[in-house]
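K.L.:
Have a look at this one before I ask anything.
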Amino acid sequence: MAGLFASRGLRLLPASEPQRRAGRWMLRSAFLALALMAGAAVAQTSNPADAPGGEEPSILPAGNGQEEVFYACTACHSTAIIRRSAFPRQQWDGLMDWMTEKHGMNPLEGDERKLIVDYLAQHFGPRTTPARGRNPFLN
């Protein structure tokens with residue numbers, strides 16, 4: 001490249017520090033723009049059922065409290081976090097207080113709280129099969 005310039009009587013000077021910084025800034029900006037476009041493309045093609053708004057109550061096991069749990073929980077997160085959990089009733093009950101205190105969840109009280117905690121403890125309580133016997137790709 002330098003030979004091309006030299007044959008025309010021009011000299012290729014080394015870039016100054018501000019020029020190098022500007023070049024790095026432009027390269028980083030281009031990379032960031034490319035990453036953002038790729039992320040947007042992935043988000044547009046992802047499965048809508050993966051988002052909380054794309055789920056339906058039937059994704060949870062049928063039972064008394066299914067819809068109440070679905071609508072109370074998916075106001076903040078998908079059901080995936082529920083379906084992969086396995087807590088005893090006391091821990092589910094404690095989580096209601098933790099989510100209220102730490103994440104601003106509307107407090108659940110009285111019969112509604114009992115219904116939701118009972119449903120979670122019944123359907124997502126401690127697993128009885130050993131970890132080796134479970135299929136990690138289910139739930």
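Each chain in the structure tokens gets a letter, A, B and so on, in the order shown; residues start at 1 in every chain, and ligands are counted from 1 in the order they appear.
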So that I can see what lies close to Gly104 in chain A, please list as an mmCIF file with N, CA, C and O atoms, in the first residue's frame the residues with an atom at most 12 Å from it, counting only C-alpha atoms and leaving out residues fewer than 6 positions away in the same chain.

P.N.:
```cif
data_model
loop_
_atom_site.group_PDB
_atom_site.id
_atom_site.type_symbol
_atom_site.label_atom_id
_atom_site.label_comp_id
_atom_site.auth_asym_id
_atom_site.auth_seq_id
_atom_site.Cartn_x
_atom_site.Cartn_y
_atom_site.Cartn_z
ATOM 1 N N ALA A 75 -47.722 -11.537 35.851
ATOM 2 C CA ALA A 75 -47.690 -10.074 35.835
ATOM 3 C C ALA A 75 -46.240 -9.591 35.871
ATOM 4 O O ALA A 75 -45.936 -8.491 35.410
ATOM 5 N N CYS A 76 -45.340 -10.443 36.403
ATOM 6 C CA CYS A 76 -43.929 -10.057 36.524
ATOM 7 C C CYS A 76 -42.960 -10.969 35.772
ATOM 8 O O CYS A 76 -41.904 -10.521 35.353
ATOM 9 N N MET A 96 -43.560 -15.213 48.739
ATOM 10 C CA MET A 96 -44.575 -14.174 48.529
ATOM 11 C C MET A 96 -44.153 -12.887 49.248
ATOM 12 O O MET A 96 -44.267 -11.793 48.695
ATOM 13 N N ASP A 97 -43.662 -13.027 50.477
ATOM 14 C CA ASP A 97 -43.191 -11.852 51.223
ATOM 15 C C ASP A 97 -41.947 -11.256 50.567
ATOM 16 O O ASP A 97 -41.828 -10.039 50.427
ATOM 17 N N TRP A 98 -41.011 -12.115 50.144
ATOM 18 C CA TRP A 98 -39.772 -11.645 49.518
ATOM 19 C C TRP A 98 -40.064 -10.867 48.235
ATOM 20 O O TRP A 98 -39.504 -9.798 48.012
#
```

K.L.:
Near Leu120 in chain A, within 12 Å and counting only C-alpha atoms, which residues show up once chain neighbours fewer than 2 positions away are dropped, as a PyMOL selection string?

P.N.:
chain A and resi 60-70+72-73+79+81-93+95-96+113-118+122-126

K.L.:
What is the CA of Arg127 in chain A to CA of Ile59 in chain A distance in Å?

P.N.:
18.8 Å
